[in-house]
Amino acid sequence: MSEIILETRGLTKHYGGVHALTEADFTLRRGEHVAIMGDNGAGKSTFVRQITGVEKPTRGQIIFDGVEHTFESPIEAREAGIETVFQTLALADDLDVPSNLFLGREKVRFRLGPFSILDKRAMREATMAALVKTGVKIPNLSNTIRNMSGGQRQCVAIARTAAFKSKLVIMDEPTAALGVQETAQVENIIRTLKEAGEPLILISHNMRQVFDLVDRIVVFRRGRIVANLRKEETDGQDVVAYITGAKTGAEYEGAP
Amino acid sequence: MSEIILETRGLTKHYGGVHALTEADFTLRRGEHVAIMGDNGAGKSTFVRQITGVEKPTRGQIIFDGVEHTFESPIEAREAGIETVFQTLALADDLDVPSNLFLGREKVRFRLGPFSILDKRAMREATMAALVKTGVKIPNLSNTIRNMSGGQRQCVAIARTAAFKSKLVIMDEPTAALGVQETAQVENIIRTLKEAGEPLILISHNMRQVFDLVDRIVVFRRGRIVANLRKEETDGQDVVAYITGAKTGAEYEGAP
Amino acid sequence: MAQTTHGIGGLAYDPTKRTRPPELNVLAALILIILAFEVLGRMFIGDSFLFNTRENIDTLFNEQRLQIIILQVSIVGIIALGVTQVIITGGIDLSSGSVVGATAMIAMSFAQTAIVNGNPNPKAIFGEGMMDLPVIVPVLVGLGCGLFAGLVNGLLIAYTRIPPFIATLGMMVAARGCAKWWSKGNPISFPTESYAAIGKGMMPVLIFITLAVVFHLIMTQTRYGKHSYAIGSNEQAARMSGINVARHKVLVYAIAGMLAALAAIVLSSKNLTAQAGMGVMYELDAIAMAVIGGVSLQGGRGSIIGTVLGALIFGVIISGFTFLKLDAYYQEMVKGVIIVAAVVLDTWRQNQRGRG
Amino acid sequence: MAQTTHGIGGLAYDPTKRTRPPELNVLAALILIILAFEVLGRMFIGDSFLFNTRENIDTLFNEQRLQIIILQVSIVGIIALGVTQVIITGGIDLSSGSVVGATAMIAMSFAQTAIVNGNPNPKAIFGEGMMDLPVIVPVLVGLGCGLFAGLVNGLLIAYTRIPPFIATLGMMVAARGCAKWWSKGNPISFPTESYAAIGKGMMPVLIFITLAVVFHLIMTQTRYGKHSYAIGSNEQAARMSGINVARHKVLVYAIAGMLAALAAIVLSSKNLTAQAGMGVMYELDAIAMAVIGGVSLQGGRGSIIGTVLGALIFGVIISGFTFLKLDAYYQEMVKGVIIVAAVVLDTWRQNQRGRG
Amino acid sequence: DGIGVSMALFDDNFLTVLRNGIQAQADAQGLSVQIEDAQNDVAKQLDQINNFIASGVSAIIVNPVDTSATQAMTDAAAAAGVPLVYVNRQPINVDSLPDNQAFVASNESESSSQGFTEQCNQWAAAGKTEVSVYVLQGELSNQAAVQRTQNYYDVIEAGKCAVKVNIIDQQTANWSRDQATSLMTNWLSAGTPFDGVLANNDEMALGAIQAMKAAGIDMNAVIVSGVDATQDALASMQAGELDITVFQNAAAQGGGALDAAVKLAAGEAVDQKVYVPFELVTPANMADYLAKN
Ligand SMILES: Nc1ncnc2c1ncn2[C@@H]1O[C@H](COP(=O)(O)OP(=O)(O)OP(=O)(O)O)[C@@H](O)[C@H]1O
Ligand SMILES: Nc1ncnc2c1ncn2[C@@H]1O[C@H](COP(=O)(O)OP(=O)(O)OP(=O)(O)O)[C@@H](O)[C@H]1O
Ligand SMILES: [Mg+2]
Ligand SMILES: [Mg+2]
């Protein structure tokens, strides 16, 4: 078992003429928590979409858990052990909370292939337990996601990721819409992952949060990785300098 | 001309059995900047939807600029002078940035009723100017909103509100998805509004931002207003106490 | 931990005011239409719509009418069950009517009897050896046709990502062509007795109701149902949550195809003949039944119960017109108005709640 | 401030690689289909599809064929222009074919001539005074019918919020009923010369192309177009941004209704008769033309140019089949396959770019 | 009480005349009839019959959508004891009809063959020995279309045609004038010389004529035949364009069917089979038909 859980080499994505991601070389070690920071439109979510099989990279390699993968769809990435909270949340608007939490891996009472009979009560109870951890309040779980507030939705997406075992967790701005209490709770969830030794990629614009939670910060600018900083060796102002382009990491010379 | 630009009396909204907003009495003076804070699902966005005509309140009165209004649609609210950045952003995914910015009030070269001829160039230029103020970077303005990053979308929605004159601006978590620089820029936009004497309702979960920008903080809990605090007379911890329910404002006794 | 069984706190919640299921509105529309016919009947033709008024028969209800109300929509109803599932996943199936035509022709040609009234079958398609086959043969052949059409639809939609409207429109045109080509436009008649039994009497109703119950359970209680709603609600999200969307769609269209084929078998059996024009416009009726029953064409919302109620509304309208001796010239105009009115009523009552 | 005319900085952007407009793919499909017919023609029947091979005429192209290719789709094409706008706003119009039927009947009865071959008109609907009216009368009456149908559709959809599918399905049924009722199923024939001139020769093509240009400009250059795309893209967002969605929808359906009515006028003039069954299934053809041309049934995407190309694909297919003397029994099957293939090609090439 | 009528299709010229014949006869006798439109759907027709039975009509007239689907209708009416009359199209079970059922119809196999035989004679009279023709078919799923096309081949095979006939192409225009115009124009664009057009009905014949006129073809050089003798067709014949059509006495069939239904309802005996013959119409006798449709 290698030290490194995820590695990308030369990962690149163009949308028509837009070079959203250029030659990204990224590594993540087992048990490590890394933050990705960067301006709006710097290519952070694009990076996440490439490594989770949502889109097909223009070129580049993805090595996960020692094996090179070309995920054709998010199912494959999930089956390989990557759990993701996407920035768009990826919830089904017309379904209620338990259905969304267990989407794609429902608890069943009888196995009958696609016609397996659902164990609704068990899913409902597990949902409550998972949501309580995020600290969110939802007066009626049978309401559809369409009728949830922004923060409630985000908590459902986070609970979904946290409720299942995985080899790597990716969270794209998980606390953007959360209130003070809920943010604290989600940060607790992340700390629990750290203790359990599960690696994490956290995308966030919140400097305090990043310095509180992660071991290392990777900065994206204009579609390129421009810095790779150990938390102890940097500070907020330094990171901002990389984000804005005032500085560029030594090993990334030539980046714009 | 009265001192008060917006007042609600007993504003209440039930969704089926969910009491999302209960008896909200709220006032906003001319030139005043007020923040609304509260847990996820506390009813903040519901409050905004009622006063902007997106939904019809179950009961209660809305007095805007001295006149009682029952807005049947957001058009009427906008025509009365209320500009809003909704939490859901309300952008048309298949249109490009300038089209979204001027949606519903396009610049035209010839007036011909619905068949008025658009002045695309002028809109494009005005769009660039408005976006530059938000600090966002968008490599190709003709890309559709569907292909924009979370922060880029939010900046488009903010630029749209800031680009037009109004009597009241409402922003529902405007910087949730924004990066460090963009957040600073948007805060500058808000300060400019303050200087121009335009009143503002800002919904935010960001304590620092709220204390930086506004005059007064109103706290929602479980669909009710539970505190109304002048900035000078409170601090972060105090506000959190109201949000979590550890404290309740004297004049709001009986609230849960 | 959780304060109530309904959620985990936050706002006040009054469980007695839960939103009413939309099927109730459809049911209300159905009852309203029946009442309208009853009242109009008593006013204008001095007869009762539902109750028996003939002296020589002593039942409370006009049973013949109750039977025909549901009998005449059972066959399209069977199709509508499949169409409902397709629409719930956010798709549409325009091919079902044509698949009925093609399947009826093909299945019937394997169901012919050799001797008719002592003479050889004048409409025989195949030779001697293929006559008087056991009933399972035409049934399996027919279901096979439906399965094939459904698979083609599903595979096209799932893997080439073309809009369902186009894939099934193509199938609609092609299957109708196939129906005409099969026997060069000639009708195919004289089925065996066992084949004729499939659609005899109230059998179509029985088949329709049984299937409705089965699919109601499937849509509400199984993973298949849950995934169908999820895909219709937000396909991208369903994919990102790890549902195998493509495979699921193939399954849904295959089931819809088989249901259309089953409808064709029942239809040709009931009519003792198959002709290439069978099933024309059934796709629209089936879709209309589903939509009247509250199934959203945006996908993600609706139910089998709703569709069954929608089918009944159709049946009541058709029977009611004949009952009122409404001039055929006006029937279509009034039918158009009623279809719209039923949905307006439904939509309006839902909005009422939303504002409540 | 802005670094390029394309945006305001951020990522590297290569303007030469801008995404190709989807219409190019449709055009490619059209050319491919024409080439296929040319090649098949030379292989199997030793004749050219496009070029003139007759000795007695000396033009490069087979002009008669080029004319009929577009002439035969012009009338449905006119309908498709309206349907395109409806679909772009996220709606659908199933009523257009029936509106054609009803309008043709009504307009034609105001366009009759008194004397046919020296005898009184045997199909006269109205009395003496209503014969040989100026051509403007039937045209205005016809457009009025279309406007009425469109307004009813639009008002229903905009103000009762019922799905467009249902509102226009209701109108489809009702208008077909109206067409049959108007003259109790009898055809109406023998129009005045001036009415007959509307659809004579290549006039339908001229009308179609002129309208296509006008509506292309409207959809790309005016507020009407912008709002149509916005509503189709995200109706809720359009409403929240202050577009009067209801009023706009009424306008869109009214325009679509009038275009259907215009098609009816041209059609009845071209055929010198009006029959209750006119326009059956035109709605599906019109929708198919639009969708083949890249108009998304989800709303928000598509163009008039695409629809015109879609119509041409239809025209080429019909002419090509006759040219190849393809057996009528196979035509429909092949047509279904081609419709699907055209869209598959389009979708596939778009995906290719997306991955590029 | 009253008589229920289920017509195959309302928006069909010929069937409209037939329907009017039924209505006229009923008005004359002061009877109430209820006429339904089966819209060419066999299943709908069977349902209509069941609805009539549920409403307690005294007799039913059926103009069958599909003549091979009549067994189920016969069974339904017989089970309820309601008399039934088939009109215009000969039911497949004509030889085994129960006593209280009858039919009034024309023999489709005579329809287009009369016209076509005449067309052959006209070619022969013009001195031709071999001709090339186009065939316009009605809807392929419709039996009348299949039968009328088959009649052409039967005439040729039986040697009843005076000239040798080459069919250049045979396509469907779905009974429609507009589609026939387009189809004919497509044919003309190939430039193949031809001597005539055989159309399954008058509407398509008229469409073909319009296309030929637009292309500047001399209408005296081609012989065009249709079926139905509609007013439009007769006007075209007067103008020297259409050469041959065939008249089927729809009103007589309709009236006859109603009479039979009334008698059966009253328990009287009737002829179980009534044939109304087709009549050939050419410019020579067309004046007789101007007021008949
Ligand atoms: N499908 C697409 N087509 C064209 N351009 C796209 C597409 N998706 C993303 N982009 C562009 O790629 C760039 C990177 O977007 P991305 O979503 O990765 O940004 P991000 O770093 O996640 O920003 P944010 O912090 O705002 O979420 C943006 O400029 C965006 O406009
Ligand atoms: N249409 C609706 N139907 C039913 N319940 C609704 C509807 N809209 C909102 N709610 C409920 O009302 C409550 C208040 O929602 P609201 O969006 O106002 O919260 P919020 O204070 O804006 O939260 P956030 O900070 O997460 O945005 C939530 O519990 C939500 O589930
Ligand atoms: Mg992002
Ligand atoms: Mg909110």
# chains A, B, ... in the order shown; residues from 1 in each chain; ligands from 1

$ residues_near_ligand --ligand "ligand 4" --cutoff "8 Å" --atoms "only C-alpha atoms and all ligand atoms" --output "short mmCIF file (atom, residue, chain, number, x, y, z; two decimals) with N, CA, C and O atoms, in the first residue's frame"
data_model
loop_
_atom_site.label_atom_id
_atom_site.label_comp_id
_atom_site.auth_asym_id
_atom_site.auth_seq_id
_atom_site.Cartn_x
_atom_site.Cartn_y
_atom_site.Cartn_z
N SER A 149 -34.22 25.42 2.78
CA SER A 149 -33.38 26.62 2.70
C SER A 149 -32.00 26.22 2.19
O SER A 149 -31.63 25.05 2.21
N GLY A 150 -31.23 27.23 1.75
CA GLY A 150 -29.89 26.96 1.20
C GLY A 150 -29.02 26.16 2.16
O GLY A 150 -28.35 25.21 1.77
N GLY A 151 -29.05 26.53 3.43
CA GLY A 151 -28.21 25.84 4.40
C GLY A 151 -28.69 24.42 4.67
O GLY A 151 -27.90 23.50 4.83
N ASN B 40 -29.65 28.37 9.94
CA ASN B 40 -30.20 27.85 8.69
C ASN B 40 -31.64 27.44 8.91
O ASN B 40 -31.97 26.79 9.90
N GLY B 41 -32.50 27.86 8.01
CA GLY B 41 -33.91 27.50 8.12
C GLY B 41 -34.66 28.36 9.12
O GLY B 41 -35.77 28.02 9.52
N GLY B 43 -35.86 31.27 8.55
CA GLY B 43 -36.93 32.02 7.88
C GLY B 43 -36.46 33.32 7.25
O GLY B 43 -37.29 34.13 6.83
N LYS B 44 -35.16 33.51 7.13
CA LYS B 44 -34.64 34.77 6.60
C LYS B 44 -35.02 34.94 5.12
O LYS B 44 -35.57 35.97 4.71
N SER B 45 -34.75 33.92 4.32
CA SER B 45 -35.06 34.04 2.90
C SER B 45 -36.57 34.08 2.69
O SER B 45 -37.06 34.74 1.78
N THR B 46 -37.30 33.38 3.54
CA THR B 46 -38.76 33.43 3.45
C THR B 46 -39.23 34.87 3.63
O THR B 46 -40.08 35.36 2.89
N GLN B 87 -31.07 34.49 -2.79
CA GLN B 87 -30.12 33.43 -2.44
C GLN B 87 -29.97 32.45 -3.60
O GLN B 87 -28.90 31.92 -3.85
N ASP B 172 -29.31 38.63 -0.16
CA ASP B 172 -29.44 37.40 0.62
C ASP B 172 -28.15 36.59 0.48
O ASP B 172 -27.92 35.95 -0.53
N GLU B 173 -27.32 36.63 1.49
CA GLU B 173 -26.02 35.95 1.51
C GLU B 173 -25.23 36.21 0.23
O GLU B 173 -24.87 35.28 -0.49
#

$ select_by_dssp --residues "range 8-197 of chain A" --states "alpha helix (DSSP H)" --output "PyMOL selection string"
chain A and resi 44-51+74-80+97-101+120-134+150-162+180-195

$ interface_residues --of "chain E" --to "chain D" --cutoff "9 Å" --atoms "only C-alpha atoms" --output "ChimeraX atom specification"
/E:10-13,15-17,140,168-172,176-179,181-183,185-191,206-207,210,214-215,231-232,235,238-239,290-291

$ interface_residues --of "chain C" --to "chain B" --cutoff "6 Å" --atoms "only C-alpha atoms" --output "ChimeraX atom specification"
/C:10-15,17-19

$ write_last_selection --atoms "N, CA, C and O atoms" --output "PDB file, in the first residue's frame"
ATOM      1  N   GLY C  10     -36.279  23.136  14.738  1.00  0.00           N
ATOM      2  CA  GLY C  10     -36.337  24.364  13.954  1.00  0.00           C
ATOM      3  C   GLY C  10     -37.695  24.996  14.109  1.00  0.00           C
ATOM      4  O   GLY C  10     -38.194  25.176  15.216  1.00  0.00           O
ATOM      5  N   LEU C  11     -38.357  25.290  12.992  1.00  0.00           N
ATOM      6  CA  LEU C  11     -39.619  26.008  13.000  1.00  0.00           C
ATOM      7  C   LEU C  11     -40.737  25.223  13.651  1.00  0.00           C
ATOM      8  O   LEU C  11     -40.690  23.998  13.731  1.00  0.00           O
ATOM      9  N   ALA C  12     -41.772  25.956  14.030  1.00  0.00           N
ATOM     10  CA  ALA C  12     -42.989  25.284  14.471  1.00  0.00           C
ATOM     11  C   ALA C  12     -43.558  24.511  13.301  1.00  0.00           C
ATOM     12  O   ALA C  12     -43.530  24.977  12.164  1.00  0.00           O
ATOM     13  N   TYR C  13     -44.061  23.311  13.566  1.00  0.00           N
ATOM     14  CA  TYR C  13     -44.596  22.489  12.493  1.00  0.00           C
ATOM     15  C   TYR C  13     -45.904  21.875  12.944  1.00  0.00           C
ATOM     16  O   TYR C  13     -45.999  21.281  14.016  1.00  0.00           O
ATOM     17  N   ASP C  14     -46.918  22.039  12.125  1.00  0.00           N
ATOM     18  CA  ASP C  14     -48.244  21.570  12.483  1.00  0.00           C
ATOM     19  C   ASP C  14     -48.612  20.407  11.565  1.00  0.00           C
ATOM     20  O   ASP C  14     -49.045  20.610  10.442  1.00  0.00           O
ATOM     21  N   PRO C  15     -48.380  19.159  12.053  1.00  0.00           N
ATOM     22  CA  PRO C  15     -48.508  18.001  11.151  1.00  0.00           C
ATOM     23  C   PRO C  15     -49.923  17.813  10.629  1.00  0.00           C
ATOM     24  O   PRO C  15     -50.109  17.161   9.596  1.00  0.00           O
ATOM     25  N   LYS C  17     -51.642  19.908   9.215  1.00  0.00           N
ATOM     26  CA  LYS C  17     -51.865  20.714   8.014  1.00  0.00           C
ATOM     27  C   LYS C  17     -50.966  20.274   6.867  1.00  0.00           C
ATOM     28  O   LYS C  17     -50.635  21.063   5.992  1.00  0.00           O
ATOM     29  N   ARG C  18     -50.527  19.028   6.934  1.00  0.00           N
ATOM     30  CA  ARG C  18     -49.658  18.578   5.859  1.00  0.00           C
ATOM     31  C   ARG C  18     -50.320  18.802   4.507  1.00  0.00           C
ATOM     32  O   ARG C  18     -51.543  18.763   4.387  1.00  0.00           O
ATOM     33  N   THR C  19     -49.503  18.998   3.487  1.00  0.00           N
ATOM     34  CA  THR C  19     -50.063  19.219   2.155  1.00  0.00           C
ATOM     35  C   THR C  19     -50.767  17.952   1.691  1.00  0.00           C
ATOM     36  O   THR C  19     -50.287  16.842   1.887  1.00  0.00           O
TER      37      THR C  19
END

$ residues_around --residues "Asn188 in chain A" --least-positions-apart "5" --cutoff "12 Å" --atoms "only C-alpha atoms" --output "PyMOL selection string"
chain A and resi 133-135+162+175+181-183+193-195+209+212-213

$ residues_around --residues "Phe148 in chain D" --least-positions-apart "3" --cutoff "9 Å" --atoms "only C-alpha atoms" --output "list in words"
Leu143, Gly144, Cys145, Leu151, Val152, Asn153, Ala254, Gly257 and Met258 of chain D

$ closest_residue --among "C:Glu55, C:Glu23, C:Glu235, C:Glu38" --to "Val343 in chain C" --atoms "only C-alpha atoms"
C:Glu23

$ select_by_dssp --residues "range 88-207 of chain E" --states "strand (DSSP E)" --output "PyMOL selection string"
chain E and resi 88+101-105+130-137+164-172+196-199

$ write_last_selection --atoms "C-alpha atoms" --output "CSV table (one decimal), in the first residue's frame"
chain,number,residue,atom,x,y,z
E,88,ASN,CA,-70.8,0.6,-46.9
E,101,GLN,CA,-78.3,-8.1,-38.3
E,102,ALA,CA,-77.9,-7.0,-41.9
E,103,PHE,CA,-75.6,-5.1,-44.2
E,104,VAL,CA,-75.9,-2.6,-46.9
E,105,ALA,CA,-72.7,-2.2,-48.9
E,130,GLU,CA,-48.0,0.1,-74.0
E,131,VAL,CA,-48.4,2.7,-71.3
E,132,SER,CA,-46.4,3.9,-68.2
E,133,VAL,CA,-48.4,5.0,-65.2
E,134,TYR,CA,-48.0,6.3,-61.7
E,135,VAL,CA,-50.1,4.9,-58.9
E,136,LEU,CA,-51.3,7.0,-55.9
E,137,GLN,CA,-52.3,4.9,-53.0
E,164,LYS,CA,-49.8,-3.3,-71.6
E,165,VAL,CA,-49.3,-1.3,-68.4
E,166,ASN,CA,-45.9,-0.5,-66.8
E,167,ILE,CA,-46.2,0.9,-63.3
E,168,ILE,CA,-43.3,3.4,-62.9
E,169,ASP,CA,-43.8,3.9,-59.2
E,170,GLN,CA,-46.4,3.4,-56.6
E,171,GLN,CA,-46.5,5.5,-53.5
E,172,THR,CA,-48.9,6.6,-50.8
E,196,GLY,CA,-51.5,8.4,-67.0
E,197,VAL,CA,-52.1,8.4,-63.2
E,198,LEU,CA,-54.2,5.9,-61.2
E,199,ALA,CA,-55.4,7.4,-58.0

$ closest_residue --among "B:Val67, B:Ile82, B:Leu229, B:Ile203" --to "ligand 2" --atoms "only C-alpha atoms and all ligand atoms"
B:Ile203

$ residues_around --residues "Asn143 in chain B" --least-positions-apart "5" --cutoff "9 Å" --atoms "only C-alpha atoms" --output "PyMOL selection string"
chain B and resi 94-97+148

$ write_last_selection --atoms "C-alpha atoms" --output "PDB file, in the first residue's frame"
ATOM      1  CA  ASP B  94     -28.811  29.440 -20.973  1.00  0.00           C
ATOM      2  CA  LEU B  95     -28.123  33.134 -21.440  1.00  0.00           C
ATOM      3  CA  ASP B  96     -24.764  34.863 -21.388  1.00  0.00           C
ATOM      4  CA  VAL B  97     -23.601  37.366 -18.823  1.00  0.00           C
ATOM      5  CA  MET B 148     -19.904  29.764 -14.783  1.00  0.00           C
TER       6      MET B 148
END

$ residues_around --residues "Phe14 in chain E" --least-positions-apart "4" --cutoff "8 Å" --atoms "only C-alpha atoms" --output "ChimeraX atom specification"
/E:18,228,230,250

$ interface_residues --of "chain C" --to "chain D" --cutoff "9 Å" --atoms "only C-alpha atoms" --output "MDAnalysis selection string"
chainID C and resid 156 160:163 165:178 180:182 184:185 284 288 291:292 296:298 328:340 343:344 346:348

$ residues_around --residues "Ile138 in chain B" --least-positions-apart "2" --cutoff "6 Å" --atoms "only C-alpha atoms" --output "PDB file with all heavy atoms, in the first residue's frame"
ATOM      1  N   ASN B 140     -14.688  34.621 -20.591  1.00  0.00           N
ATOM      2  CA  ASN B 140     -15.459  34.796 -21.821  1.00  0.00           C
ATOM      3  C   ASN B 140     -16.890  35.168 -21.476  1.00  0.00           C
ATOM      4  O   ASN B 140     -17.661  34.337 -21.031  1.00  0.00           O
ATOM      5  CB  ASN B 140     -15.417  33.498 -22.642  1.00  0.00           C
ATOM      6  CG  ASN B 140     -16.240  33.594 -23.902  1.00  0.00           C
ATOM      7  OD1 ASN B 140     -16.727  34.663 -24.255  1.00  0.00           O
ATOM      8  ND2 ASN B 140     -16.405  32.466 -24.570  1.00  0.00           N
TER       9      ASN B 140
ATOM     10  N   GLY D   7     -13.781  38.937 -22.390  1.00  0.00           N
ATOM     11  CA  GLY D   7     -14.140  38.770 -20.998  1.00  0.00           C
ATOM     12  C   GLY D   7     -13.295  39.672 -20.133  1.00  0.00           C
ATOM     13  O   GLY D   7     -12.656  40.604 -20.620  1.00  0.00           O
ATOM     14  N   ILE D   8     -13.312  39.393 -18.859  1.00  0.00           N
ATOM     15  CA  ILE D   8     -12.540  40.240 -17.972  1.00  0.00           C
ATOM     16  C   ILE D   8     -11.566  39.398 -17.193  1.00  0.00           C
ATOM     17  O   ILE D   8     -11.596  39.307 -15.979  1.00  0.00           O
ATOM     18  CB  ILE D   8     -13.460  41.048 -17.044  1.00  0.00           C
ATOM     19  CG1 ILE D   8     -14.571  40.157 -16.498  1.00  0.00           C
ATOM     20  CG2 ILE D   8     -14.062  42.214 -17.776  1.00  0.00           C
ATOM     21  CD1 ILE D   8     -15.402  40.838 -15.446  1.00  0.00           C
ATOM     22  N   GLY D   9     -10.672  38.743 -17.954  1.00  0.00           N
ATOM     23  CA  GLY D   9      -9.510  38.123 -17.351  1.00  0.00           C
ATOM     24  C   GLY D   9      -9.742  36.785 -16.715  1.00  0.00           C
ATOM     25  O   GLY D   9     -10.682  36.075 -17.045  1.00  0.00           O
ATOM     26  N   GLY D  10      -8.861  36.443 -15.794  1.00  0.00           N
ATOM     27  CA  GLY D  10      -8.944  35.121 -15.195  1.00  0.00           C
ATOM     28  C   GLY D  10      -8.161  34.134 -16.033  1.00  0.00           C
ATOM     29  O   GLY D  10      -7.003  34.372 -16.373  1.00  0.00           O
TER      30      GLY D  10
END

$ atom_distance --atom1 "atom 8 (N, counted along the ligand's line) of ligand 2" --atom2 "CA of Lys247 in chain B"
26.1 Å

$ atom_distance --atom1 "CA of Gly299 in chain C" --atom2 "CA of Val245 in chain C"
14.1 Å

$ closest_residue --among "B:Ile217, B:Val54, B:Ile63, B:Val34" --to "ligand 2" --atoms "only C-alpha atoms and all ligand atoms"
B:Val54

$ closest_residue --among "B:Met171, B:Ile190, B:Leu178, B:Val85" --to "ligand 3" --atoms "only C-alpha atoms and all ligand atoms"
B:Leu178

$ atom_distance --atom1 "atom 29 (O, counted along the ligand's line) of ligand 1" --atom2 "CA of Pro139 in chain B"
5.7 Å
